[in-house]
Amino acid sequence: MAGKLQFYNTLSRKLEVFEPLEEGHARMYTCGPTVYDFVHIGNLRTFLFEDILRRTLKLHGYRVTQVMNLTDVDDKTIRGALAAGVSLREYTDRYIEAFFEDLDTLRVERAEHYPRATDYIPQMVALIRRLEARGHTYRSGDSIYYRISTFPEYGKLSGVRPEANLAGARVDSDEYEKEDARDFVLWKAAKPGEPAWDTELGRGRPGWHLECSAMSMELLGESFDIHTGAVDNIFPHHENEIAQSEGATGKPFVRYWLHAEHLIVEGEKMAKSRGNFFTLRDLLERGHDPLVIRYLLVSVPYRQKLNFTFDGLHAAGQAVERIGNTLRRLANTPAATGDGDLPPDTVGAFREDFRAALGDDLNTARALGVLHTLLRAVNTALDGGGITEPVRTELDAALAEVNGVLDVFPAGESGEDGNAEIGRLVAEREAARKSRDFARADAIRDELAARGIVLEDTPHGTVWHRRARS
Ligand code: AMP
Ligand code: ZN
């Protein structure tokens with residue numbers, strides 16, 4: 001097993017050892033995007049935290065069932081579809097496709113289920129029926145509201161308590177201000193020109209909070225292990241989910257609530273409404289490497305704010321380059337014939353430290369720190385007596401484990417992709433040198449230099465790395 005695994009639980013406000021309800025199986029629900037536009041890198045920071053979470057659970061031997069919803073009906077998607085003059089489905093399809101492209105670009109592992117809210121209207125209606133039967137709802141006009149005074153535990157997640165003077169006041173909007181606990185809408189009566197469903201509750205559409213309660217319980221069961229989102233989801237969204245789910249079932253809804261801090265720009269939350277955002281596409285257009293973006297976004301532990309800067313992106317680029325250079329050196333260096341200079345204990349200790357870092361509430365900064373320390377030891381060994389075959393085998397296994405979770409290694413460091421051609425040229429130069437064709441050998445060196453490739457003739461043969469960009 002991979003050691004201890006503990007998470008900070010927003011509900012209990014402390015670190016807790018993870019124990020799933022069903023042995024060996026971790027069930028988690030991750031609030032997904034509202035598909036009315038491209039996601040920004042703040043959203044992606046949260047989705048990458050969830051990617052690290054699912055991969056860490058797998059490292060610890062759990063089977064993972066992850067559900068991420070796609071909010072394809074709300075005020076924003078409806079407004080967007082109307083403005084574009086297309087159906088809600090057609091409009092949201094575009095952004096769902098773009099969302100999956102972005103996930104692939106950032107190497108985010110796919111969840112097991114991506115339910116679309118509009119495919120679960122019957123489950124949402126059934127959930128409202130259960131809440132009605134237990135006395136948690138009331139009608140006003142043709143809309144249905146949740147009466148939060150009927151759920152005494154309201155506020156247990158966020159600490160936001162219903163104010164006496166607000167009791168009975170209600171909101172129709174899905175998002176509202178902090179500290180302002182009010183009855184919230186479950187079912188919105190149809191408005192002219194808006195999409196609506198004909199149901200036994202009348203013609204209308206579901207509230208956003210209801211969507212997540214209905215879809216999570218349909219796909220994961222009435223009680224499950226982990227629910228995540230960013231900190232802005234704690235109130236009202238997740239507080240309302242608890243009121244809906246526990247109000248309907250009378251059972252605990254979720255064991256562990258994990259929330260990512262925001263990605264910020266110059267001290268402010270990155271948000272569409274503030275206009276201070278970058279999409280992944282914006283950064284790619286400026287020539288940034290997706291792997292470097294991934295590295296930056298996972299490098300800060302999820303419970304700390306991540307201040308996005310281009311300097312930070314640049315530093316992440318250098319870190320990725322250092323990793324690539326060491327891996328390539330390693331791949332191109334034959335095993336040591338003597339004792340070698342990397343003691344087997346170094347790799348074993350690294351593996352423990354790496355797992356302990358991730359097991360400690362996903363401390364990715366510490367995990368990357370120990371990785372870089374290991375790679376420095378690898379470089380030092382390669383400069384000296386090399387690395388023996390058995391240590392090399394252990395090292396490869398440890399590195400595969402690292403990349404199974406962090407996934408920040410450049411592709412093709414063992415000679416695929418664009419590197420294959422460089423590898424061929426390096427081999428050709430070596431052959432030219434052996435046959436004393438120095439003119440050809442120098443021409444190849446120059447050609448590679450022009451492409452930022454630096455050659456090093458070592459006792460173990462020629463290795464190459466990319467020149468660090470300044
Ligand atoms: P939305 O599409 O607005 O529902 O957001 C999708 C997810 O991204 C939610 O879990 C949000 O809490 C999260 N999110 C929104 N803004 C940020 C941000 N600046 N940093 C990190 N996560 C965010
Ligand atoms: Zn949600």
# chains A, B, ... in the order shown; residues from 1 in each chain; ligands from 1
$ residues_around --residues "A:Asn43" --least-positions-apart "5" --cutoff "10 Å" --atoms "only C-alpha atoms" --output "PyMOL selection string"
chain A and resi 32-33+38+48+229-230+262-263+270-271+279
$ write_last_selection --atoms "N, CA, C and O atoms" --output "compact mmCIF listing (two decimals), in the first residue's frame"
# COMPACT_ATOMS: atom_id res chain seq x y z
N GLY A 32 -18.82 20.29 -12.11
CA GLY A 32 -18.20 20.56 -13.41
C GLY A 32 -18.51 21.94 -13.95
O GLY A 32 -19.06 22.79 -13.23
N PRO A 33 -18.18 22.17 -15.20
CA PRO A 33 -18.33 23.50 -15.76
C PRO A 33 -19.76 23.81 -16.19
O PRO A 33 -20.53 22.91 -16.49
N PHE A 38 -15.78 29.02 -23.15
CA PHE A 38 -14.59 28.23 -22.83
C PHE A 38 -14.29 28.37 -21.35
O PHE A 38 -14.52 29.43 -20.77
N LEU A 48 -7.78 20.30 -12.34
CA LEU A 48 -6.48 19.62 -12.18
C LEU A 48 -6.29 19.12 -10.75
O LEU A 48 -5.71 18.06 -10.55
N GLY A 229 -15.02 20.84 -5.20
CA GLY A 229 -15.30 22.03 -5.99
C GLY A 229 -14.27 23.06 -5.56
O GLY A 229 -13.32 22.73 -4.85
N ALA A 230 -14.48 24.30 -5.99
CA ALA A 230 -13.61 25.37 -5.49
C ALA A 230 -14.33 26.04 -4.30
O ALA A 230 -15.50 25.78 -4.06
N HIS A 262 -8.82 29.51 -4.85
CA HIS A 262 -8.90 30.09 -6.19
C HIS A 262 -7.56 30.36 -6.83
O HIS A 262 -6.56 30.57 -6.15
N LEU A 263 -7.61 30.37 -8.12
CA LEU A 263 -6.51 30.95 -8.89
C LEU A 263 -6.81 32.45 -8.96
O LEU A 263 -7.95 32.85 -9.25
N MET A 270 -9.79 35.02 -10.46
CA MET A 270 -9.98 35.05 -11.91
C MET A 270 -11.42 34.66 -12.20
O MET A 270 -11.88 33.59 -11.79
N ALA A 271 -12.16 35.52 -12.85
CA ALA A 271 -13.57 35.23 -13.11
C ALA A 271 -14.01 35.91 -14.40
O ALA A 271 -13.54 37.00 -14.73
N THR A 279 -8.28 32.01 -20.93
CA THR A 279 -8.66 30.63 -21.20
C THR A 279 -7.36 29.89 -21.54
O THR A 279 -6.32 30.51 -21.80
$ residues_near_ligand --ligand "ligand 2" --cutoff "7 Å" --atoms "only C-alpha atoms and all ligand atoms" --output "VMD selection string"
chain A and resid 31 to 32 209 212 237 to 238
$ residues_near_ligand --ligand "ligand 1" --cutoff "9 Å" --atoms "only C-alpha atoms and all ligand atoms" --output "MDAnalysis selection string"
chainID A and resid 30:37 39:47 70:71 228:234 259:265 268:272 277 305:306
$ select_by_dssp --residues "stretch 110-327 of chain A" --states "helix (DSSP H, G or I)" --output "VMD selection string"
chain A and resid 117 to 119 121 to 133 148 to 150 164 to 166 208 to 220 231 to 249 272 to 274 280 to 285 290 to 299 310 to 327
$ residues_around --residues "stretch 422-431 of chain A" --least-positions-apart "5" --cutoff "10 Å" --atoms "only C-alpha atoms" --output "PDB file with C-alpha atoms, in the first residue's frame"
ATOM      1  CA  ASN A 332      20.709   7.770 -23.359  1.00  0.00           C
ATOM      2  CA  SER A 414      13.099   7.993 -24.712  1.00  0.00           C
ATOM      3  CA  GLY A 415      13.194   8.993 -28.336  1.00  0.00           C
ATOM      4  CA  GLU A 416       9.680   9.310 -29.789  1.00  0.00           C
ATOM      5  CA  ASP A 417       8.057  12.355 -31.386  1.00  0.00           C
ATOM      6  CA  ARG A 436      36.652  10.676 -38.744  1.00  0.00           C
ATOM      7  CA  ASP A 437      34.297  12.716 -40.928  1.00  0.00           C
ATOM      8  CA  PHE A 438      34.662  15.748 -38.656  1.00  0.00           C
ATOM      9  CA  ALA A 439      33.209  18.188 -41.150  1.00  0.00           C
ATOM     10  CA  ARG A 440      29.923  16.249 -41.156  1.00  0.00           C
ATOM     11  CA  ALA A 441      30.018  15.819 -37.358  1.00  0.00           C
ATOM     12  CA  ASP A 442      30.501  19.582 -36.840  1.00  0.00           C
ATOM     13  CA  ALA A 443      27.790  20.447 -39.338  1.00  0.00           C
ATOM     14  CA  ILE A 444      25.342  18.287 -37.384  1.00  0.00           C
ATOM     15  CA  ARG A 445      26.413  19.884 -34.099  1.00  0.00           C
ATOM     16  CA  GLU A 447      22.445  22.371 -36.981  1.00  0.00           C
ATOM     17  CA  LEU A 448      21.360  21.067 -33.591  1.00  0.00           C
ATOM     18  CA  ARG A 451      17.623  24.371 -32.757  1.00  0.00           C
ATOM     19  CA  ILE A 453      20.057  21.463 -28.671  1.00  0.00           C
ATOM     20  CA  LEU A 455      25.457  18.094 -27.074  1.00  0.00           C
ATOM     21  CA  ASP A 457      30.251  14.065 -25.034  1.00  0.00           C
ATOM     22  CA  GLY A 461      28.556   8.433 -25.119  1.00  0.00           C
ATOM     23  CA  THR A 462      26.919  11.610 -26.409  1.00  0.00           C
ATOM     24  CA  VAL A 463      23.852  12.930 -24.623  1.00  0.00           C
ATOM     25  CA  TRP A 464      21.842  16.012 -25.450  1.00  0.00           C
TER      26      TRP A 464
END
$ closest_residue --among "A:Leu88, A:Met215, A:Val298, A:Leu382" --to "A:Leu313" --atoms "only C-alpha atoms"
A:Val298
$ atom_distance --atom1 "atom CA of A:Thr150" --atom2 "atom CA of A:Ser213"
17.7 Å
$ residues_around --residues "A:Met28" --least-positions-apart "2" --cutoff "12 Å" --atoms "only C-alpha atoms" --output "ChimeraX atom specification"
/A:20-21,25-26,30-31,50-51,53-54,57,62-69,111-113,215-217,219-221,223-229,253-258
$ residues_around --residues "A:Tyr146" --least-positions-apart "5" --cutoff "12 Å" --atoms "only C-alpha atoms" --output "number ranges by chain"
A: 127-132, 134-140, 151, 154, 167-172, 181-188, 207, 209-210, 240-245, 247-248
$ write_last_selection --atoms "C-alpha atoms" --output "mmCIF file, in the first residue's frame"
data_model
loop_
_atom_site.group_PDB
_atom_site.id
_atom_site.type_symbol
_atom_site.label_atom_id
_atom_site.label_comp_id
_atom_site.auth_asym_id
_atom_site.auth_seq_id
_atom_site.Cartn_x
_atom_site.Cartn_y
_atom_site.Cartn_z
ATOM 1 C CA LEU A 127 -36.119 14.472 -5.825
ATOM 2 C CA ILE A 128 -38.434 17.469 -5.477
ATOM 3 C CA ARG A 129 -41.313 15.034 -4.909
ATOM 4 C CA ARG A 130 -39.412 13.439 -2.037
ATOM 5 C CA LEU A 131 -38.656 16.842 -0.535
ATOM 6 C CA GLU A 132 -42.325 17.788 -0.847
ATOM 7 C CA ARG A 134 -41.040 15.440 3.832
ATOM 8 C CA GLY A 135 -42.306 18.985 4.147
ATOM 9 C CA HIS A 136 -39.256 20.878 2.915
ATOM 10 C CA THR A 137 -40.847 22.778 0.036
ATOM 11 C CA TYR A 138 -43.449 25.385 -0.772
ATOM 12 C CA ARG A 139 -44.870 26.786 -3.922
ATOM 13 C CA SER A 140 -45.000 30.400 -4.903
ATOM 14 C CA PHE A 151 -33.541 21.731 7.877
ATOM 15 C CA TYR A 154 -28.481 24.208 7.413
ATOM 16 C CA ALA A 167 -36.461 33.533 7.222
ATOM 17 C CA GLY A 168 -39.063 33.250 4.544
ATOM 18 C CA ALA A 169 -37.182 35.533 2.167
ATOM 19 C CA ARG A 170 -36.185 33.724 -0.982
ATOM 20 C CA VAL A 171 -33.994 33.917 -4.045
ATOM 21 C CA ASP A 172 -34.653 32.760 -7.570
ATOM 22 C CA ALA A 181 -28.929 32.320 3.587
ATOM 23 C CA ARG A 182 -32.369 32.288 2.020
ATOM 24 C CA ASP A 183 -34.910 29.886 0.750
ATOM 25 C CA PHE A 184 -33.728 28.879 -2.686
ATOM 26 C CA VAL A 185 -35.462 27.822 -5.814
ATOM 27 C CA LEU A 186 -35.778 24.131 -6.724
ATOM 28 C CA TRP A 187 -38.024 24.446 -9.732
ATOM 29 C CA LYS A 188 -38.382 27.610 -11.757
ATOM 30 C CA GLY A 207 -32.498 25.148 -10.161
ATOM 31 C CA HIS A 209 -28.270 23.303 -6.865
ATOM 32 C CA LEU A 210 -30.866 20.632 -7.453
ATOM 33 C CA ASN A 240 -27.903 23.680 -0.580
ATOM 34 C CA GLU A 241 -26.918 20.286 -1.964
ATOM 35 C CA ILE A 242 -26.648 18.962 1.598
ATOM 36 C CA ALA A 243 -30.046 20.436 2.508
ATOM 37 C CA GLN A 244 -31.618 18.834 -0.575
ATOM 38 C CA SER A 245 -29.984 15.414 -0.364
ATOM 39 C CA GLY A 247 -33.555 16.538 3.517
ATOM 40 C CA ALA A 248 -34.826 13.964 1.011
#
$ atom_distance --atom1 "atom CA of A:Tyr91" --atom2 "atom CA of A:Phe235"
28.3 Å
$ atom_distance --atom1 "atom CA of A:Ala126" --atom2 "atom CA of A:Ala214"
8.6 Å
$ residues_around --residues "A:Val292" --least-positions-apart "4" --cutoff "9 Å" --atoms "only C-alpha atoms" --output "PyMOL selection string"
chain A and resi 288+296-297+313-314+316-320+408
$ write_last_selection --atoms "all heavy atoms" --output "PDB file, in the first residue's frame"
ATOM      1  N   HIS A 288       2.430  29.260 -25.308  1.00  0.00           N
ATOM      2  CA  HIS A 288       2.815  28.512 -24.110  1.00  0.00           C
ATOM      3  C   HIS A 288       2.521  27.029 -24.274  1.00  0.00           C
ATOM      4  O   HIS A 288       1.549  26.643 -24.911  1.00  0.00           O
ATOM      5  CB  HIS A 288       2.113  29.095 -22.877  1.00  0.00           C
ATOM      6  CG  HIS A 288       2.553  30.498 -22.594  1.00  0.00           C
ATOM      7  ND1 HIS A 288       3.787  30.783 -22.068  1.00  0.00           N
ATOM      8  CD2 HIS A 288       1.956  31.690 -22.836  1.00  0.00           C
ATOM      9  CE1 HIS A 288       3.923  32.102 -21.968  1.00  0.00           C
ATOM     10  NE2 HIS A 288       2.827  32.680 -22.431  1.00  0.00           N
ATOM     11  N   LEU A 296       2.512  24.292 -13.828  1.00  0.00           N
ATOM     12  CA  LEU A 296       2.260  25.461 -12.969  1.00  0.00           C
ATOM     13  C   LEU A 296       0.987  25.259 -12.132  1.00  0.00           C
ATOM     14  O   LEU A 296       0.969  25.521 -10.936  1.00  0.00           O
ATOM     15  CB  LEU A 296       2.132  26.732 -13.822  1.00  0.00           C
ATOM     16  CG  LEU A 296       1.764  27.991 -13.035  1.00  0.00           C
ATOM     17  CD1 LEU A 296       2.882  28.384 -12.080  1.00  0.00           C
ATOM     18  CD2 LEU A 296       1.453  29.152 -13.968  1.00  0.00           C
ATOM     19  N   LEU A 297      -0.071  24.789 -12.780  1.00  0.00           N
ATOM     20  CA  LEU A 297      -1.359  24.699 -12.081  1.00  0.00           C
ATOM     21  C   LEU A 297      -1.378  23.607 -11.015  1.00  0.00           C
ATOM     22  O   LEU A 297      -2.133  23.697 -10.055  1.00  0.00           O
ATOM     23  CB  LEU A 297      -2.510  24.508 -13.082  1.00  0.00           C
ATOM     24  CG  LEU A 297      -2.735  25.680 -14.044  1.00  0.00           C
ATOM     25  CD1 LEU A 297      -3.935  25.412 -14.946  1.00  0.00           C
ATOM     26  CD2 LEU A 297      -2.936  27.005 -13.319  1.00  0.00           C
ATOM     27  N   LEU A 313       4.875  31.130 -14.902  1.00  0.00           N
ATOM     28  CA  LEU A 313       4.785  30.216 -16.044  1.00  0.00           C
ATOM     29  C   LEU A 313       6.191  29.949 -16.601  1.00  0.00           C
ATOM     30  O   LEU A 313       6.535  28.814 -16.950  1.00  0.00           O
ATOM     31  CB  LEU A 313       3.892  30.865 -17.112  1.00  0.00           C
ATOM     32  CG  LEU A 313       3.274  29.967 -18.168  1.00  0.00           C
ATOM     33  CD1 LEU A 313       2.532  28.792 -17.556  1.00  0.00           C
ATOM     34  CD2 LEU A 313       2.322  30.787 -19.049  1.00  0.00           C
ATOM     35  N   HIS A 314       6.988  30.983 -16.640  1.00  0.00           N
ATOM     36  CA  HIS A 314       8.355  30.861 -17.125  1.00  0.00           C
ATOM     37  C   HIS A 314       9.172  29.921 -16.227  1.00  0.00           C
ATOM     38  O   HIS A 314       9.884  29.039 -16.707  1.00  0.00           O
ATOM     39  CB  HIS A 314       8.984  32.257 -17.174  1.00  0.00           C
ATOM     40  CG  HIS A 314      10.400  32.252 -17.629  1.00  0.00           C
ATOM     41  ND1 HIS A 314      10.743  32.016 -18.945  1.00  0.00           N
ATOM     42  CD2 HIS A 314      11.543  32.413 -16.934  1.00  0.00           C
ATOM     43  CE1 HIS A 314      12.058  32.042 -19.030  1.00  0.00           C
ATOM     44  NE2 HIS A 314      12.576  32.274 -17.838  1.00  0.00           N
ATOM     45  N   ALA A 316       7.992  27.613 -14.348  1.00  0.00           N
ATOM     46  CA  ALA A 316       7.468  26.256 -14.548  1.00  0.00           C
ATOM     47  C   ALA A 316       8.096  25.650 -15.807  1.00  0.00           C
ATOM     48  O   ALA A 316       8.435  24.461 -15.850  1.00  0.00           O
ATOM     49  CB  ALA A 316       5.947  26.281 -14.666  1.00  0.00           C
ATOM     50  N   GLY A 317       8.274  26.484 -16.831  1.00  0.00           N
ATOM     51  CA  GLY A 317       8.899  26.023 -18.079  1.00  0.00           C
ATOM     52  C   GLY A 317      10.312  25.526 -17.825  1.00  0.00           C
ATOM     53  O   GLY A 317      10.737  24.491 -18.358  1.00  0.00           O
ATOM     54  N   GLN A 318      11.040  26.241 -16.996  1.00  0.00           N
ATOM     55  CA  GLN A 318      12.412  25.817 -16.700  1.00  0.00           C
ATOM     56  C   GLN A 318      12.427  24.512 -15.915  1.00  0.00           C
ATOM     57  O   GLN A 318      13.273  23.647 -16.143  1.00  0.00           O
ATOM     58  CB  GLN A 318      13.127  26.914 -15.922  1.00  0.00           C
ATOM     59  CG  GLN A 318      13.378  28.121 -16.817  1.00  0.00           C
ATOM     60  CD  GLN A 318      14.134  29.224 -16.093  1.00  0.00           C
ATOM     61  OE1 GLN A 318      13.898  29.462 -14.916  1.00  0.00           O
ATOM     62  NE2 GLN A 318      15.023  29.888 -16.806  1.00  0.00           N
ATOM     63  N   ALA A 319      11.452  24.359 -15.016  1.00  0.00           N
ATOM     64  CA  ALA A 319      11.387  23.122 -14.233  1.00  0.00           C
ATOM     65  C   ALA A 319      11.087  21.931 -15.151  1.00  0.00           C
ATOM     66  O   ALA A 319      11.707  20.869 -15.031  1.00  0.00           O
ATOM     67  CB  ALA A 319      10.325  23.253 -13.137  1.00  0.00           C
ATOM     68  N   VAL A 320      10.158  22.134 -16.076  1.00  0.00           N
ATOM     69  CA  VAL A 320       9.815  21.042 -17.004  1.00  0.00           C
ATOM     70  C   VAL A 320      11.029  20.698 -17.869  1.00  0.00           C
ATOM     71  O   VAL A 320      11.310  19.522 -18.148  1.00  0.00           O
ATOM     72  CB  VAL A 320       8.606  21.433 -17.884  1.00  0.00           C
ATOM     73  CG1 VAL A 320       8.412  20.457 -19.037  1.00  0.00           C
ATOM     74  CG2 VAL A 320       7.334  21.511 -17.040  1.00  0.00           C
ATOM     75  N   VAL A 408       3.726  15.186 -15.495  1.00  0.00           N
ATOM     76  CA  VAL A 408       4.400  16.411 -15.943  1.00  0.00           C
ATOM     77  C   VAL A 408       5.688  16.109 -16.701  1.00  0.00           C
ATOM     78  O   VAL A 408       6.525  16.989 -16.889  1.00  0.00           O
ATOM     79  CB  VAL A 408       4.726  17.354 -14.754  1.00  0.00           C
ATOM     80  CG1 VAL A 408       3.450  17.954 -14.180  1.00  0.00           C
ATOM     81  CG2 VAL A 408       5.540  16.652 -13.671  1.00  0.00           C
TER      82      VAL A 408
END
$ residues_around --residues "A:Val391" --least-positions-apart "5" --cutoff "10 Å" --atoms "only C-alpha atoms" --output "list in words"
Ala335, Ala336, Gly340, Asp341, Leu342, Pro343, Pro344, Asp345, Thr346, Val347, Gly348, Asp396 and Ala397 of chain A
$ select_by_dssp --residues "stretch 96-267 of chain A" --states "strand (DSSP E or B)" --output "PyMOL selection string"
chain A and resi 113+116+137-140+143-146+170-171+183-189+197-199+202-206+224-230+254-260+263-265
